[in-house]
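Next comes target_37.cif, a file with mmCIF, C-alpha atoms and all ligand atoms.
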```cif
data_work
loop_
_atom_site.label_atom_id
_atom_site.label_comp_id
_atom_site.auth_asym_id
_atom_site.auth_seq_id
_atom_site.Cartn_x
_atom_site.Cartn_y
_atom_site.Cartn_z
CA MET A 8 11.65 163.51 26.87
CA ALA A 9 14.82 163.46 24.84
CA ASP A 10 14.67 163.93 21.11
CA LEU A 11 13.30 160.70 19.65
CA ALA A 12 15.68 160.71 16.69
CA GLU A 13 18.50 161.04 19.22
CA LEU A 14 17.20 158.01 21.15
CA LEU A 15 17.04 156.02 17.93
CA ARG A 16 20.63 156.98 17.07
CA GLY A 17 21.71 155.93 20.56
CA ALA A 18 19.84 152.62 20.30
CA VAL A 19 21.41 151.86 16.91
CA ALA A 20 24.83 152.68 18.41
CA GLY A 21 24.23 150.06 21.10
CA GLU A 22 23.20 152.19 24.09
CA ARG A 23 20.76 150.07 26.04
CA ARG A 24 19.39 153.05 27.96
CA SER A 25 18.48 154.83 24.74
CA LEU A 26 16.77 151.70 23.48
CA ALA A 27 14.81 151.31 26.73
CA ARG A 28 13.67 154.93 26.60
CA LEU A 29 12.72 154.63 22.96
CA LEU A 30 10.59 151.58 23.78
CA THR A 31 8.81 153.51 26.54
CA ALA A 32 8.08 156.28 24.04
CA ILE A 33 6.65 153.69 21.62
CA GLU A 34 4.45 152.09 24.28
CA ASN A 35 3.13 155.50 25.31
CA ASP A 36 2.67 156.59 21.71
CA ALA A 37 4.67 159.69 22.65
CA PRO A 38 4.30 162.81 20.48
CA GLY A 39 6.51 162.48 17.43
CA ILE A 40 6.70 158.69 17.50
CA ARG A 41 4.59 158.25 14.35
CA GLU A 42 6.89 160.62 12.45
CA LEU A 43 9.85 158.51 13.60
CA LEU A 44 8.42 155.26 12.16
CA PRO A 45 9.97 155.56 8.65
CA SER A 46 13.49 156.02 10.01
CA LEU A 47 12.88 153.40 12.70
CA PHE A 48 11.94 150.78 10.12
CA ALA A 49 14.72 151.92 7.77
CA ALA A 50 17.21 151.26 10.59
CA GLY A 51 15.99 147.63 10.83
CA ARG A 52 18.62 144.95 10.30
CA GLY A 53 16.29 142.11 9.40
CA ALA A 54 16.24 140.17 12.68
CA HIS A 55 14.36 136.89 12.77
CA LEU A 56 11.05 137.54 14.58
CA VAL A 57 10.02 134.52 16.61
CA GLY A 58 6.65 134.31 18.39
CA ILE A 59 6.30 131.96 21.35
CA THR A 60 2.81 131.28 22.58
CA GLY A 61 0.80 128.66 24.46
CA PRO A 62 -1.26 128.27 27.61
CA PRO A 63 -0.14 129.88 30.89
CA GLY A 64 2.20 127.67 32.88
CA SER A 65 3.34 125.59 29.91
CA GLY A 66 6.87 126.88 30.48
CA LYS A 67 7.19 129.53 27.77
CA SER A 68 9.30 131.95 29.84
CA THR A 69 11.56 129.19 31.10
CA LEU A 70 11.93 127.95 27.55
CA VAL A 71 12.73 131.43 26.22
CA SER A 72 15.41 131.81 28.87
CA ALA A 73 16.93 128.42 27.97
CA LEU A 74 16.78 129.28 24.25
CA ALA A 75 18.48 132.61 24.91
CA ALA A 76 21.34 130.77 26.62
CA GLU A 77 21.58 128.40 23.63
CA TRP A 78 21.64 131.25 21.12
CA ARG A 79 24.26 133.09 23.19
CA ARG A 80 26.46 129.99 22.93
CA ARG A 81 26.02 130.32 19.17
CA GLY A 82 27.17 133.93 19.30
CA ARG A 83 23.78 135.53 18.72
CA ARG A 84 22.52 138.67 20.46
CA VAL A 85 19.01 137.95 21.69
CA GLY A 86 16.05 140.31 22.11
CA ILE A 87 13.08 139.18 24.22
CA VAL A 88 9.66 140.83 24.47
CA ALA A 89 7.30 139.38 27.08
CA VAL A 90 3.71 140.49 26.41
CA ASP A 91 1.17 140.16 29.19
CA PRO A 92 -1.99 141.90 28.05
CA SER A 93 -4.22 140.15 30.56
CA SER A 94 -2.94 141.84 33.69
CA PRO A 95 -1.99 145.49 33.33
CA HIS A 96 -2.26 145.98 37.10
CA THR A 97 -1.49 142.68 38.75
CA ARG A 98 1.88 142.01 37.26
CA GLY A 99 2.36 138.57 38.73
CA ALA A 100 3.19 136.82 35.50
CA ILE A 101 5.60 139.52 34.42
CA MET A 102 7.36 139.48 37.77
CA GLY A 103 7.79 135.75 37.34
CA ASP A 104 9.23 136.31 33.89
CA ARG A 105 11.61 138.93 35.23
CA ILE A 106 12.89 136.49 37.82
CA ARG A 107 13.46 133.80 35.19
CA MET A 108 15.20 136.31 32.94
CA MET A 109 17.58 137.28 35.76
CA ASP A 110 19.88 134.57 34.42
CA HIS A 111 20.62 136.97 31.60
CA SER A 112 20.54 140.27 33.47
CA ALA A 113 24.32 140.63 33.49
CA ASP A 114 24.63 139.86 29.78
CA PRO A 115 24.65 142.97 27.56
CA ASP A 116 23.86 140.77 24.56
CA VAL A 117 20.45 139.75 25.88
CA PHE A 118 17.84 142.49 25.93
CA VAL A 119 14.58 141.80 27.80
CA ARG A 120 11.49 143.97 27.70
CA SER A 121 8.11 143.35 29.34
CA MET A 122 4.96 144.91 27.92
CA ALA A 123 2.05 144.95 30.31
CA SER A 124 0.00 147.84 29.05
CA ARG A 125 -2.19 147.95 26.02
CA GLY A 126 -0.13 150.11 23.72
CA GLN A 127 -1.75 153.13 22.13
CA MET A 128 -0.17 152.55 18.72
CA GLY A 129 -3.38 151.03 17.43
CA GLY A 130 -3.51 148.21 19.93
CA LEU A 131 -1.15 145.79 21.48
CA ALA A 132 -0.24 143.90 18.32
CA ALA A 133 0.81 147.09 16.51
CA ALA A 134 2.80 148.37 19.49
CA THR A 135 4.53 145.00 19.80
CA TRP A 136 5.67 145.21 16.17
CA VAL A 137 7.08 148.67 16.58
CA VAL A 138 8.87 147.58 19.77
CA ALA A 139 10.35 144.62 17.87
CA ALA A 140 11.46 146.98 15.08
CA ALA A 141 13.35 149.14 17.59
CA ILE A 142 15.07 146.11 19.13
CA ASP A 143 15.96 144.99 15.59
CA ALA A 144 17.47 148.41 14.84
CA ALA A 145 19.61 147.95 17.97
CA GLY A 146 21.10 144.80 16.45
CA TYR A 147 19.49 141.93 18.37
CA ASP A 148 18.73 138.80 16.34
CA PRO A 149 16.65 136.73 16.93
CA ILE A 150 13.90 138.66 18.65
CA VAL A 151 11.55 136.44 20.62
CA ILE A 152 8.05 137.63 21.50
CA GLU A 153 6.35 135.66 24.27
CA THR A 154 2.57 135.92 24.53
CA VAL A 155 -0.09 133.95 26.41
CA GLY A 156 -1.97 132.03 23.77
CA ALA A 157 -5.48 132.77 24.90
CA GLY A 158 -6.86 135.97 23.40
CA GLN A 159 -7.32 137.37 19.93
CA SER A 160 -4.46 139.86 20.01
CA GLU A 161 -2.03 137.20 21.22
CA VAL A 162 -2.89 134.92 18.34
CA GLU A 163 -2.56 137.93 16.08
CA ILE A 164 0.92 138.65 17.40
CA ALA A 165 1.79 135.02 16.77
CA ARG A 166 0.40 135.17 13.25
CA LEU A 167 2.56 138.16 12.38
CA ALA A 168 5.77 136.58 13.70
CA GLU A 169 7.96 135.02 11.03
CA THR A 170 8.24 131.81 13.02
CA THR A 171 5.62 130.86 15.58
CA VAL A 172 6.38 128.32 18.28
CA VAL A 173 3.40 126.93 20.18
CA VAL A 174 4.25 125.45 23.57
CA GLU A 175 2.09 122.76 25.14
CA MET A 176 2.63 120.50 28.13
CA PRO A 177 1.53 117.00 29.15
CA GLU A 178 -1.70 116.41 31.10
CA ALA A 179 -3.50 119.42 29.64
CA GLY A 180 -7.18 119.69 30.51
CA ASP A 181 -10.18 120.03 28.21
CA GLU A 182 -10.26 123.80 28.14
CA VAL A 183 -6.70 123.72 26.93
CA GLN A 184 -7.82 121.49 24.05
CA ALA A 185 -9.95 124.33 22.69
CA ILE A 186 -7.08 126.79 22.85
CA LYS A 187 -4.94 124.14 21.23
CA ALA A 188 -7.11 123.81 18.14
CA GLY A 189 -6.84 127.53 17.40
CA LEU A 190 -3.15 127.64 18.14
CA LEU A 191 -2.27 124.66 15.97
CA GLU A 192 -3.19 126.69 12.92
CA VAL A 193 -0.58 129.34 13.63
CA ALA A 194 2.21 126.96 14.71
CA ASP A 195 5.36 126.61 12.63
CA VAL A 196 6.99 124.57 15.38
CA LEU A 197 5.15 122.71 18.14
CA VAL A 198 6.73 121.96 21.48
CA VAL A 199 5.64 119.61 24.22
CA ASN A 200 7.55 121.10 27.13
CA LYS A 201 7.94 119.45 30.57
CA ALA A 202 8.96 116.27 28.78
CA ASP A 203 10.45 115.18 32.11
CA ARG A 204 6.87 114.68 33.31
CA PRO A 205 4.73 111.61 32.57
CA GLY A 206 2.53 111.69 29.50
CA ALA A 207 4.79 113.80 27.29
CA ASP A 208 5.13 111.17 24.56
CA ARG A 209 1.39 110.60 24.56
CA ALA A 210 0.77 114.37 24.28
CA ALA A 211 3.18 114.57 21.36
CA ARG A 212 1.38 111.68 19.62
CA GLN A 213 -1.99 113.38 20.18
CA LEU A 214 -0.71 116.62 18.71
CA ARG A 215 0.68 114.84 15.67
CA ALA A 216 -2.70 113.17 15.17
CA MET A 217 -4.53 116.51 15.47
CA LEU A 218 -2.14 118.02 12.97
CA SER A 219 -2.62 115.29 10.42
CA THR A 220 -6.42 115.72 10.51
CA ALA A 221 -6.04 119.50 10.28
CA GLY A 222 -3.84 118.86 7.26
CA GLY A 223 -6.90 118.27 5.08
CA ARG A 224 -8.07 121.84 5.63
CA VAL A 225 -4.75 123.59 5.58
CA ALA A 226 -2.63 122.80 2.56
CA ARG A 227 0.80 122.80 4.13
CA LYS A 228 3.38 120.54 5.62
CA PRO A 229 2.50 119.79 9.25
CA PRO A 230 4.88 121.51 11.69
CA PRO A 231 7.39 119.39 13.63
CA VAL A 232 6.45 118.38 17.18
CA LEU A 233 9.45 118.57 19.51
CA LEU A 234 9.87 117.46 23.11
CA THR A 235 11.74 119.72 25.53
CA SER A 236 12.48 120.09 29.18
CA ALA A 237 13.14 123.77 29.71
CA THR A 238 14.28 123.21 33.29
CA GLY A 239 16.45 120.19 32.47
CA GLY A 240 17.83 121.51 29.19
CA GLU A 241 16.75 118.54 27.04
CA GLY A 242 15.73 119.29 23.47
CA ILE A 243 16.67 122.98 23.64
CA SER A 244 19.41 122.76 21.06
CA ALA A 245 17.11 120.88 18.64
CA LEU A 246 14.43 123.53 19.20
CA ALA A 247 16.90 126.32 18.42
CA GLU A 248 17.85 124.44 15.22
CA ALA A 249 14.21 124.09 14.20
CA ILE A 250 13.54 127.79 14.78
CA ASP A 251 16.68 128.90 12.95
CA GLY A 252 15.91 126.50 10.12
CA HIS A 253 12.44 127.95 9.68
CA ARG A 254 13.78 131.42 9.02
CA SER A 255 14.40 130.86 5.32
CA VAL A 256 10.98 129.21 4.92
CA ALA A 257 9.32 132.22 6.58
CA ARG A 258 11.08 134.50 4.12
CA LEU A 259 9.74 132.82 1.00
CA PRO A 260 7.91 135.53 -0.97
CA ASP A 261 4.44 134.00 -0.46
CA GLN A 262 4.85 133.83 3.29
CA ALA A 263 6.29 137.34 3.55
CA ARG A 264 3.44 138.65 1.43
CA ALA A 265 0.80 136.93 3.57
CA ARG A 266 2.22 138.55 6.72
CA ALA A 267 2.48 141.94 5.04
CA ASP A 268 -1.11 141.64 3.86
CA GLY A 269 -2.28 141.02 7.42
CA GLN A 270 -0.21 143.85 8.82
CA LEU A 271 -1.38 146.28 6.19
CA ARG A 272 -5.05 145.42 6.62
CA ARG A 273 -4.75 145.93 10.34
CA ALA A 274 -2.87 149.22 10.01
CA LEU A 275 -5.42 150.40 7.49
CA GLY A 276 -8.28 149.67 9.87
CA GLU A 277 -6.53 151.57 12.64
CA ALA A 278 -5.67 154.52 10.40
CA ALA A 279 -9.20 154.78 9.01
CA THR A 280 -10.71 154.61 12.49
CA ARG A 281 -8.34 157.26 13.81
CA ARG A 282 -9.12 159.57 10.93
CA ALA A 283 -12.90 159.10 11.12
CA ALA A 284 -13.00 159.49 14.90
CA SER A 285 -11.24 162.84 14.66
CA ARG A 286 -13.89 164.29 12.33
CA ALA A 287 -16.27 166.96 13.62
CA ASP A 288 -19.32 164.87 12.70
CA TRP A 289 -18.11 161.75 14.55
CA THR A 290 -20.27 162.25 17.68
CA ALA A 291 -23.34 163.04 15.59
CA THR A 292 -22.72 159.92 13.49
CA VAL A 293 -22.39 157.73 16.61
CA GLU A 294 -25.69 159.19 17.81
CA ALA A 295 -27.33 158.50 14.44
CA VAL A 296 -26.19 154.86 14.56
CA ALA A 297 -27.38 154.56 18.19
CA THR A 298 -30.86 155.79 17.29
CA HIS A 299 -31.01 153.59 14.17
CA GLU A 300 -31.21 156.57 11.83
CA ILE A 301 -28.42 155.08 9.81
CA ASP A 302 -26.81 151.66 9.61
CA PRO A 303 -23.17 151.41 10.72
CA ILE A 304 -21.87 150.29 7.33
CA THR A 305 -23.33 153.25 5.43
CA ALA A 306 -22.20 155.56 8.24
CA ALA A 307 -18.64 154.24 7.95
CA GLU A 308 -18.62 154.76 4.16
CA ARG A 309 -19.76 158.36 4.65
CA LEU A 310 -17.12 159.05 7.30
CA LEU A 311 -14.44 157.80 4.92
CA ALA A 312 -15.78 159.58 1.85
N1 LIG B 1 9.01 119.91 35.34
C1 LIG B 1 9.18 120.95 34.55
N2 LIG B 1 8.76 122.17 34.93
C2 LIG B 1 8.95 123.21 34.10
C3 LIG B 1 9.56 123.05 32.84
N3 LIG B 1 9.56 124.26 32.22
C4 LIG B 1 8.99 125.13 33.06
N4 LIG B 1 8.62 124.51 34.22
C5 LIG B 1 7.97 125.12 35.38
O1 LIG B 1 6.64 125.47 35.05
C6 LIG B 1 6.24 126.67 35.71
C7 LIG B 1 5.73 127.70 34.71
O2 LIG B 1 6.81 128.11 33.90
P1 LIG B 1 6.78 129.47 33.09
O3 LIG B 1 8.02 129.52 32.27
O4 LIG B 1 6.50 130.64 33.96
O5 LIG B 1 5.50 129.25 32.14
P2 LIG B 1 4.74 130.32 31.21
O6 LIG B 1 3.55 130.81 31.96
O7 LIG B 1 4.31 129.51 30.02
O8 LIG B 1 5.70 131.41 30.86
C8 LIG B 1 7.46 127.13 36.49
O9 LIG B 1 7.34 126.71 37.81
C9 LIG B 1 8.61 126.43 35.79
O10 LIG B 1 9.71 126.20 36.63
C10 LIG B 1 10.01 121.74 32.45
O11 LIG B 1 10.54 121.52 31.37
N5 LIG B 1 9.80 120.74 33.34
MG MG B 2 5.58 133.50 30.92
#
```

Have the structure of the file written as structure tokens, please.
Amino acid sequence: MADLAELLRGAVAGERRSLARLLTAIENDAPGIRELLPSLFAAGRGAHLVGITGPPGSGKSTLVSALAAEWRRRGRRVGIVAVDPSSPHTRGAIMGDRIRMMDHSADPDVFVRSMASRGQMGGLAAATWVVAAAIDAAGYDPIVIETVGAGQSEVEIARLAETTVVVEMPEAGDEVQAIKAGLLEVADVLVVNKADRPGADRAARQLRAMLSTAGGRVARKPPPVLLTSATGGEGISALAEAIDGHRSVARLPDQARARADGQLRRALGEAATRRAASRADWTATVEAVATHEIDPITAAERLLA
């Protein structure tokens, strides 16, 4: 393994191979990577972090590819991270993404990375953020993170993005409705993709109705609902506008603070757990909790004392 600081220098200088190797080191939590974090974040250029989530098959990868083409036309260098935590072994979804991203494989100004493994860095969400930081240091902006909007960590990734795009499609079944309710809360921009199919307008109306009822609970302006056809190219330019336009909103102090608060709480939990689990009395404490000698909350306080 090459010197990590050397890889970072190479990545910042625009060497894709250095960036790719640095990302592998991050995913593997390679020795020395934690020590590199301050200089990695210091090398950041402030790229717009865009989360794209939604049910499988809604067209997220196709949409990301179409958006990348749109941003390239606008002279942007685009970073893409495709997260597939559900299938570390069967990489079907990721292979599909790779094929769709082939459109950009000859373009040095589009950088695509797939993450299939659960990163060590304190979980997938943490690893994803460090990966995004490295791609930012390499000068890509925006950086799009695609996740399947089903599990906790995916929603968490979406929550920590500056701008979160939730992708739906027409004719979604009941189980998708449940996912939808949770996802609506994190959406800054909503997309009904596959607008070339029947029922798209109806789906958009339904979403707008759901958003206006949710509005009572969440004191904020409801996000826009846009119609796109990722395969046909309709609505892509308007979507890029909406995402770009949200950047300044996402950087209002309150919003930035709310994201930082979430990131810090999570990092704190990971750091405390790591520290406690490395203590000599960890195993004995686990045993004591297992046999009900001590409650877990008191045990945790003692481990941190
Ligand atoms: N008709 C139609 N099909 C689409 C559209 N966007 C994506 N698809 C298709 O939907 C399927 C799933 O797309 P994919 O991007 O892999 O979805 P993901 O799982 O959300 O990433 C593929 O067969 C795409 O070609 C669209 O706008 N219209
Ligand atoms: Mg996909």

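Distance-wise, CA of Gly276 (chain A) and CA of Leu310 (chain A) end up 13.1 Å apart.
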
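Shortest atom-to-atom contact with ligand MG 2 (chain B) among A:Thr280, A:Ser65, A:Thr305, A:Thr298: A:Ser65, counting all atoms listed in the file.
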
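With distances restricted to all atoms listed in the file, A:Ile59 is the closest residue to ligand LIG 1 (chain B) from A:Ile164, A:Ala12, A:Ile59, A:Ala265.
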
(request) May I ask which of the residues A:Lys67, A:Arg41, A:His55, A:Arg272 is the closest one to ligand MG 2 (chain B), counting only C-alpha atoms and all ligand atoms? (result)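 Among A:Lys67, A:Arg41, A:His55, A:Arg272, it is A:Lys67 that comes nearest to ligand MG 2 (chain B).
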
Considering only C-alpha atoms and all ligand atoms, give me a table of residues in chain A that are at most 9 Å from ligand LIG 1 (chain B), with the closest atom pair and distance in Å for each, as a Markdown table.
```
| residue | atom | partner | partner_atom | distance |
| --- | --- | --- | --- | --- |
| A:Thr60 | CA | B:LIG1 | O7 | 7.8 |
| A:Gly61 | CA | B:LIG1 | O7 | 6.6 |
| A:Pro62 | CA | B:LIG1 | O7 | 6.2 |
| A:Pro63 | CA | B:LIG1 | O6 | 4.0 |
| A:Gly64 | CA | B:LIG1 | O6 | 3.5 |
| A:Ser65 | CA | B:LIG1 | O7 | 4.0 |
| A:Gly66 | CA | B:LIG1 | O5 | 3.2 |
| A:Lys67 | CA | B:LIG1 | O7 | 3.7 |
| A:Ser68 | CA | B:LIG1 | O3 | 3.7 |
| A:Thr69 | CA | B:LIG1 | O3 | 3.7 |
| A:Leu70 | CA | B:LIG1 | O3 | 6.3 |
| A:Val71 | CA | B:LIG1 | O3 | 7.9 |
| A:Ser72 | CA | B:LIG1 | O3 | 8.5 |
| A:Ala89 | CA | B:LIG1 | O8 | 9.0 |
| A:Ala100 | CA | B:LIG1 | O6 | 7.0 |
| A:Ile101 | CA | B:LIG1 | O8 | 8.9 |
| A:Gly103 | CA | B:LIG1 | O4 | 6.3 |
| A:Asp104 | CA | B:LIG1 | O4 | 6.3 |
| A:Arg107 | CA | B:LIG1 | O3 | 7.5 |
| A:Glu153 | CA | B:LIG1 | O8 | 7.9 |
| A:Thr154 | CA | B:LIG1 | O8 | 8.4 |
| A:Val155 | CA | B:LIG1 | O7 | 7.2 |
| A:Val174 | CA | B:LIG1 | O7 | 7.6 |
| A:Glu175 | CA | B:LIG1 | O7 | 8.6 |
| A:Met176 | CA | B:LIG1 | O11 | 8.6 |
| A:Val199 | CA | B:LIG1 | O11 | 8.9 |
| A:Asn200 | CA | B:LIG1 | O11 | 5.2 |
| A:Lys201 | CA | B:LIG1 | O11 | 3.4 |
| A:Ala202 | CA | B:LIG1 | O11 | 6.1 |
| A:Asp203 | CA | B:LIG1 | N5 | 5.7 |
| A:Arg204 | CA | B:LIG1 | N1 | 6.0 |
| A:Thr235 | CA | B:LIG1 | O11 | 6.2 |
| A:Ser236 | CA | B:LIG1 | O11 | 3.3 |
| A:Ala237 | CA | B:LIG1 | O11 | 3.8 |
| A:Thr238 | CA | B:LIG1 | O11 | 4.5 |
| A:Gly239 | CA | B:LIG1 | O11 | 6.2 |
| A:Gly240 | CA | B:LIG1 | O11 | 7.6 |
| A:Glu241 | CA | B:LIG1 | O11 | 8.1 |
```

(message) With only C-alpha atoms as the counted atoms, please give the residues lying no more than 12 Å from region 249-262 of chain A, apart from itself and same-chain residues fewer than 6 positions off, as a VMD selection string.
(response) chain A and resid 53 to 59 74 77 to 78 81 83 148 to 151 166 to 173 194 to 198 227 to 228 230 to 234 242 to 243 268 to 269

(message) Give me the residues near region 16-32 of chain A as a PyMOL selection string, where near means some atom within 6 Å (using all atoms listed in the file) and where sequence neighbours in that chain fewer than 4 positions away do not count.
(response) chain A and resi 36-37+138+144-145

(message) So the first atom is CA of Ile87 (chain A) and the second is CA of Val117 (chain A); what is the distance between them in Å, to one decimal place?
(response) 7.6 Å

(message) Rounded to one decimal, what separation in Å do you get between CA of Glu192 (chain A) and CA of Arg266 (chain A)?
(response)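 Computing it gives 14.4 Å between the two atoms.
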
(message) I'd like to know which of A:Leu11, A:Ser46, A:Gly51, A:Asp91 is closest to ligand MG 2 (chain B), using only C-alpha atoms and all ligand atoms.
(response) A:Asp91

(message) Considering only C-alpha atoms and all ligand atoms, can you say which of A:Gln159, A:Gln213, A:Ser121, A:Ala279 comes closest to ligand MG 2 (chain B)?
(response)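 Comparing A:Gln159, A:Gln213, A:Ser121, A:Ala279 against ligand MG 2 (chain B), the winner is A:Ser121.
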
(message) Could you check the closest approach to ligand MG 2 (chain B) for each of A:Ala247, A:Ala283, A:Ala123, A:Ser219 and tell me which residue wins, using only C-alpha atoms and all ligand atoms?
(response) A:Ala123
